[in-house]
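Student: My structure is stored as target38.txt, with compact mmCIF, C-alpha atoms.
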# COMPACT_ATOMS: atom_id res chain seq x y z
CA MET A 53 0.00 0.00 0.00
CA THR A 54 1.02 3.61 -0.37
CA SER A 55 -0.41 7.08 0.15
CA ALA A 56 2.77 8.75 -1.05
CA LEU A 57 2.83 8.51 -4.81
CA ASP A 58 6.05 10.50 -5.26
CA ILE A 59 7.99 8.36 -2.78
CA THR A 60 6.67 5.14 -4.29
CA ARG A 61 7.61 6.31 -7.81
CA SER A 62 11.12 6.97 -6.53
CA VAL A 63 11.53 3.71 -4.59
CA LYS A 64 9.82 1.50 -7.21
CA PRO A 65 8.49 -1.48 -5.31
CA PRO A 66 7.48 -4.46 -7.50
CA ARG A 67 3.75 -3.74 -7.17
CA ALA A 68 1.93 -0.96 -5.39
CA VAL A 69 -1.60 0.20 -4.65
CA PHE A 70 -2.18 3.90 -4.00
CA VAL A 71 -4.97 5.31 -1.86
CA ASN A 72 -5.18 9.08 -1.36
CA PHE A 73 -5.71 9.05 2.40
CA PRO A 74 -3.82 10.92 5.13
CA LEU A 75 -0.76 9.16 6.59
CA GLY A 76 -1.71 6.60 9.20
CA HIS A 77 -4.77 5.34 7.29
CA GLN A 78 -3.36 3.41 4.35
CA THR A 79 -5.88 0.62 4.78
CA GLY A 80 -8.74 2.85 5.81
CA PRO A 81 -10.29 5.03 8.50
CA PRO A 82 -10.82 3.68 12.04
CA GLY A 83 -14.05 1.86 12.80
CA GLN A 84 -15.02 1.37 9.14
CA PRO A 85 -14.48 -2.34 8.55
CA GLU A 86 -16.47 -2.38 5.28
CA LEU A 87 -14.30 0.26 3.65
CA GLN A 88 -11.15 -1.31 5.09
CA ARG A 89 -12.21 -4.65 3.61
CA ARG A 90 -12.79 -3.11 0.18
CA ILE A 91 -9.38 -1.45 0.21
CA VAL A 92 -7.57 -4.60 1.29
CA THR A 93 -9.54 -6.74 -1.17
CA ASP A 94 -8.74 -4.28 -3.99
CA ALA A 95 -5.08 -4.43 -2.97
CA MET A 96 -5.04 -8.24 -3.12
CA ARG A 97 -6.76 -8.27 -6.52
CA ALA A 98 -4.37 -5.63 -7.85
CA PHE A 99 -1.45 -7.67 -6.55
CA ALA A 100 -2.65 -10.73 -8.44
CA GLY A 101 -3.39 -8.73 -11.60
CA ILE A 102 -0.19 -6.70 -11.97
CA SER A 103 2.14 -8.22 -14.57
CA SER A 104 4.41 -5.26 -15.32
CA PRO A 105 7.18 -4.44 -12.79
CA GLY A 106 6.67 -1.24 -10.84
CA THR A 107 2.97 -0.83 -11.64
CA ILE A 108 1.09 1.44 -9.24
CA VAL A 109 -2.67 0.84 -9.19
CA GLU A 110 -4.63 3.88 -7.98
CA LEU A 111 -7.79 3.22 -5.97
CA PRO A 112 -10.74 5.62 -6.37
CA TYR A 113 -11.59 6.12 -2.68
CA VAL A 114 -11.91 9.69 -1.38
CA TRP A 115 -11.09 10.46 2.26
CA ASP A 116 -13.78 13.13 2.65
CA PRO A 117 -15.66 14.36 -0.44
CA ASN A 118 -16.67 17.57 1.36
CA ASP A 119 -13.29 18.51 2.78
CA ARG A 120 -9.95 18.09 1.08
CA SER A 121 -8.12 20.44 3.45
CA TRP A 122 -6.12 17.53 4.89
CA GLU A 123 -4.16 17.52 1.63
CA ASP A 124 -2.81 20.97 2.49
CA THR A 125 -1.80 20.13 6.06
CA ASP A 126 -0.74 16.45 6.06
CA TYR A 127 2.96 16.18 6.92
CA THR A 128 3.52 19.91 7.32
CA ARG A 129 4.71 21.95 10.31
CA GLY A 130 2.33 21.87 13.24
CA TRP A 131 0.59 18.82 11.83
CA MET A 132 1.62 16.38 14.55
CA PRO A 133 -0.20 16.47 17.89
CA ALA A 134 2.10 17.46 20.76
CA ARG A 135 4.04 14.49 22.07
CA PRO A 136 3.74 13.54 25.74
CA SER A 137 6.68 14.56 27.93
CA ARG A 138 9.38 11.98 28.60
CA GLU A 139 7.87 11.33 32.04
CA ALA A 140 4.33 10.99 30.70
CA ALA A 141 5.52 8.65 27.93
CA ASP A 142 7.42 6.48 30.42
CA LYS A 143 4.35 6.32 32.64
CA LEU A 144 2.15 5.26 29.71
CA GLU A 145 4.65 2.58 28.77
CA ALA A 146 4.84 1.27 32.36
CA GLU A 147 1.04 1.07 32.39
CA ARG A 148 0.99 -0.84 29.09
CA GLN A 149 3.57 -3.32 30.40
CA ALA A 150 1.71 -3.77 33.70
CA LYS A 151 -1.64 -4.27 31.97
CA PHE A 152 -0.43 -7.24 29.95
CA ARG A 153 1.55 -8.78 32.80
CA ARG A 154 -1.65 -8.82 34.89
CA ASP A 155 -3.66 -10.69 32.22
CA MET B 238 -4.51 15.63 -5.73
CA PRO B 239 -1.89 13.29 -4.28
CA VAL B 240 0.22 15.00 -1.63
CA ALA B 241 3.86 15.61 -2.64
CA TYR B 242 5.61 14.09 0.36
CA ILE B 243 9.19 14.43 -0.85
CA PRO B 244 9.15 18.28 -0.80
CA ARG B 245 7.13 18.21 2.43
CA THR B 246 9.80 16.07 4.09
CA ARG B 247 12.34 18.71 3.10
CA ASP B 248 10.20 21.49 4.58
CA LEU B 249 9.22 19.63 7.74
CA TYR B 250 12.80 18.71 8.60
CA ASN B 251 14.53 21.76 7.15
CA ASP B 252 16.75 22.16 10.21
CA PHE B 253 18.54 19.02 9.03
CA THR B 254 20.48 17.96 5.93
CA PRO B 255 17.86 17.38 3.21
CA TYR B 256 16.69 13.79 3.38
CA ARG B 257 17.70 11.71 0.39
CA TRP B 258 14.88 9.39 -0.58
CA VAL B 259 15.87 6.10 -2.12
CA GLU B 260 15.79 6.34 -5.91
CA ASN B 261 15.79 3.04 -7.76
CA ASP B 262 16.08 2.73 -11.54
CA SER B 263 13.91 -0.33 -11.82
CA ALA B 264 11.49 -2.47 -9.86
CA PRO B 265 12.42 -6.04 -8.97
CA PHE B 266 9.67 -8.44 -9.96
CA THR B 267 8.84 -12.08 -9.35
CA PRO B 268 5.78 -13.20 -11.33
CA LEU B 269 3.06 -14.93 -9.39
CA THR B 270 2.97 -18.58 -10.48
CA LYS B 271 -0.25 -19.68 -8.81
CA PRO B 272 -3.61 -18.17 -7.91
CA LEU B 273 -3.66 -15.87 -4.90
CA SER B 274 -6.24 -18.21 -3.38
CA GLU B 275 -3.47 -20.80 -3.11
CA CYS B 276 -0.77 -18.43 -1.84
CA ARG B 277 0.64 -18.08 1.64
CA VAL B 278 0.54 -14.32 2.21
CA ALA B 279 2.44 -12.54 4.98
CA MET B 280 1.55 -9.12 6.30
CA ILE B 281 4.04 -6.47 7.37
CA THR B 282 3.36 -3.02 8.70
CA SER B 283 5.84 -0.18 9.13
CA GLY B 284 3.31 1.59 11.34
CA GLY B 285 4.88 0.58 14.68
CA THR B 286 2.26 -1.94 15.87
CA MET B 287 3.14 -3.92 19.03
CA TYR B 288 1.58 -6.99 20.65
CA ARG B 289 0.84 -7.11 24.38
CA ASP B 290 4.00 -6.37 26.40
CA GLN B 291 6.46 -6.41 23.51
CA PRO B 292 9.09 -3.69 23.96
CA ARG B 293 8.00 -0.28 22.73
CA PHE B 294 9.69 1.05 19.60
CA HIS B 295 11.92 4.11 19.83
CA ARG B 296 13.54 6.59 17.46
CA GLU B 297 16.02 5.03 15.00
CA ASP B 298 14.76 1.60 16.05
CA ALA B 299 15.39 -0.90 13.25
CA SER B 300 14.03 -3.90 15.16
CA TYR B 301 10.80 -5.70 14.36
CA ARG B 302 8.04 -7.50 16.25
CA ARG B 303 6.24 -10.76 15.52
CA ILE B 304 2.50 -10.30 15.87
CA PRO B 305 0.41 -13.48 16.22
CA ILE B 306 -2.34 -13.36 13.61
CA HIS B 307 -4.97 -14.25 16.18
CA ALA B 308 -4.09 -11.25 18.36
CA ARG B 309 -7.18 -9.52 19.70
CA PRO B 310 -7.63 -5.81 18.92
CA ASP B 311 -7.12 -4.89 22.61
CA GLU B 312 -3.76 -6.67 22.60
CA LEU B 313 -2.31 -4.30 19.99
CA SER B 314 -0.77 -0.89 20.55
CA VAL B 315 1.29 1.53 18.47
CA TRP B 316 4.41 3.64 18.78
CA HIS B 317 5.67 5.84 15.96
CA PHE B 318 7.01 9.41 16.02
CA GLY B 319 6.28 10.29 12.40
CA TYR B 320 2.48 10.21 12.03
CA PRO B 321 -0.46 10.86 14.36
CA THR B 322 -1.11 7.40 15.81
CA ARG B 323 -4.43 8.17 17.48
CA ASP B 324 -6.58 6.45 14.85
CA ALA B 325 -4.27 3.42 14.61
CA GLU B 326 -4.44 3.13 18.42
CA ARG B 327 -8.24 3.14 18.22
CA ASP B 328 -8.32 0.67 15.35
CA ALA B 329 -5.11 -1.17 14.42
CA ASN B 330 -6.63 -2.02 11.03
CA CYS B 331 -5.88 1.52 9.79
CA VAL B 332 -2.25 0.51 9.23
CA PHE B 333 -2.23 -3.17 10.22
CA PRO B 334 -5.36 -4.74 8.71
CA LEU B 335 -5.09 -8.02 10.58
CA GLU B 336 -8.82 -8.56 11.00
CA ARG B 337 -9.43 -7.75 7.34
CA MET B 338 -6.73 -10.17 6.16
CA ARG B 339 -8.18 -12.92 8.36
CA GLU B 340 -11.54 -12.28 6.70
CA LEU B 341 -9.96 -12.54 3.25
CA GLU B 342 -8.35 -15.80 4.29
CA ALA B 343 -11.72 -17.12 5.53
CA ALA B 344 -13.35 -16.01 2.26
CA GLY B 345 -10.67 -17.82 0.24
CA VAL B 346 -9.35 -14.65 -1.45
CA ILE B 347 -5.89 -15.57 -0.15
CA GLY B 348 -4.80 -19.11 0.58
CA LYS B 349 -3.29 -18.67 4.01
CA LEU B 350 -2.32 -15.71 6.16
CA VAL B 351 1.21 -16.38 7.43
CA ASP B 352 1.50 -16.53 11.22
CA PRO B 353 2.97 -14.39 12.68
CA ALA B 354 2.57 -11.06 10.92
CA PHE B 355 5.42 -8.55 11.27
CA SER B 356 5.73 -4.98 12.42
CA PHE B 357 8.43 -2.34 12.52
CA MET B 358 8.56 1.40 13.08
CA GLY B 359 9.23 2.82 9.64
CA GLY B 360 10.67 6.18 10.70
CA ILE B 361 14.23 4.96 10.28
CA TYR B 362 16.55 7.65 8.92
CA SER B 363 19.18 5.28 7.58
CA ALA B 364 18.07 3.46 4.42
CA ARG B 365 21.24 1.36 4.78
CA LYS B 366 20.12 0.15 8.21
CA VAL B 367 16.84 -0.94 6.63
CA SER B 368 18.34 -2.68 3.59
CA ASP B 369 21.32 -4.28 5.37
CA GLU B 370 19.90 -5.08 8.82
CA LEU B 371 16.13 -5.03 9.08
CA ALA B 372 15.02 -6.27 5.64
CA PRO B 373 17.26 -9.38 5.55
CA GLN B 374 15.90 -10.54 8.91
CA ILE B 375 12.33 -10.22 7.71
CA VAL B 376 13.22 -11.94 4.43
CA ASP B 377 14.60 -14.86 6.48
CA GLU B 378 11.37 -14.99 8.45
CA LEU B 379 9.31 -15.02 5.24
CA LYS B 380 11.44 -17.79 3.73
CA ARG B 381 11.17 -19.91 6.87
CA ALA B 382 7.39 -19.42 6.78
CA HIS B 383 7.28 -20.43 3.08
CA ALA B 384 5.50 -17.19 2.23
CA ASP B 385 4.62 -16.82 -1.46
CA ALA B 386 3.91 -13.11 -1.14
CA PHE B 387 3.85 -10.31 1.39
CA PHE B 388 1.60 -7.30 1.86
CA LEU B 389 3.47 -4.25 3.17
CA VAL B 390 1.36 -1.53 4.74
CA PRO B 391 3.15 1.72 5.58
CA ALA B 392 1.91 4.52 7.76
In structure tokens, what does this structure look like?
Tutor:
Amino acid sequence: MTSALDITRSVKPPRAVFVNFPLGHQTGPPGQPELQRRIVTDAMRAFAGISSPGTIVELPYVWDPNDRSWEDTDYTRGWMPARPSREAADKLEAERQAKFRRD
Amino acid sequence: MPVAYIPRTRDLYNDFTPYRWVENDSAPFTPLTKPLSECRVAMITSGGTMYRDQPRFHREDASYRRIPIHARPDELSVWHFGYPTRDAERDANCVFPLERMRELEAAGVIGKLVDPAFSFMGGIYSARKVSDELAPQIVDELKRAHADAFFLVPA
């Protein structure tokens, strides 16, 4: 999968499937299993159908037909949410470790 | 319009030496010799997915994790510095479509989903570290698992 057409054209993987979604959603938005399934199914079918090296199949899905503003902000300054402090991140990690040790 | 990520990388990290994206002249290609419905397909994400208490990823981390394909959604978490992980934390399938691939296996679209699936944190500056250290280890895993194909999902 790819959402970065220019990078994929530069790297040239054997087969690729492009979906124009913001980074972090290459196989679909959260909580939308139907759309995720269509994307993954399309990817598998494209994989099986590609016979020419480096082919990039573009999928027709649109992230939000009423708002394309994400295209202007994705991967630009100020786009990432603030990261937790070192202490907060360590605490979160300790909680994650403890949670699974308890199970 | 597709986003132009190469110039955006330059702008976003313009305090640093401009990042040099890998440029290959050609694409390697191995033709598929049997139907996908008979293939063993492995899944790999570069989105930084982790299973249960596996060690968290960190910056410049070129290690990888084995994720059992029957992992439950609440057993998966994410660490990556290069994209907002909130949605992938809510639903791992955004970048690691494990449930969807299991469904395709059950429906016979693919022959078999290779167990385990694999995960790494793709924000690795050094392309050499990826090609010389990380990729060969995953290739070994795929060979040992007799994978016919792999599905790489970035983030």
Student: Work out how far apart atom CA of Thr267 of chain B and atom CA of Gly101 of chain A are and give it in Å to one decimal.
Tutor: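 Interatomic distance, atom CA of Thr267 of chain B to atom CA of Gly101 of chain A: 12.9 Å.
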Student: Do you know which residues are at most 9 Å from segment 103-105 of chain A counting all atoms listed in the file, after dropping those on the same chain fewer than 5 positions away, and could you put them as a list in words?
Tutor: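 After dropping sequence-adjacent residues, the list is Lys64, Pro65, Pro66 and Arg67 of chain A; Ser263, Ala264, Pro265, Phe266, Thr267, Pro268 and Leu269 of chain B.
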Student: Return the padded bounding box of segment 88-106 of chain A as AutoDock Vina command-line options: axis-aligned, built from all atoms listed in the file, 3 Å added on each side, with centre and edge lengths in Å to one decimal.
Tutor:
--center_x -2.8 --center_y -6.0 --center_z -5.1 --size_x 26.0 --size_y 15.5 --size_z 26.4
Student: My list of candidates is A:Trp131, A:Asp116, A:Thr93, A:Arg153. Which is closest to Gly345 of chain B when distances are computed with all atoms listed in the file?
Tutor: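 Under the stated criterion, the closest residue is A:Thr93.
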Student: List the neighbours of Asp311 of chain B out to 12 Å using only C-alpha atoms; skip same-chain residues closer than 4 positions along the sequence, and give me the result as a ChimeraX atom specification.
Tutor: /A:148,151-152,155 /B:286-290,307,315,325-330
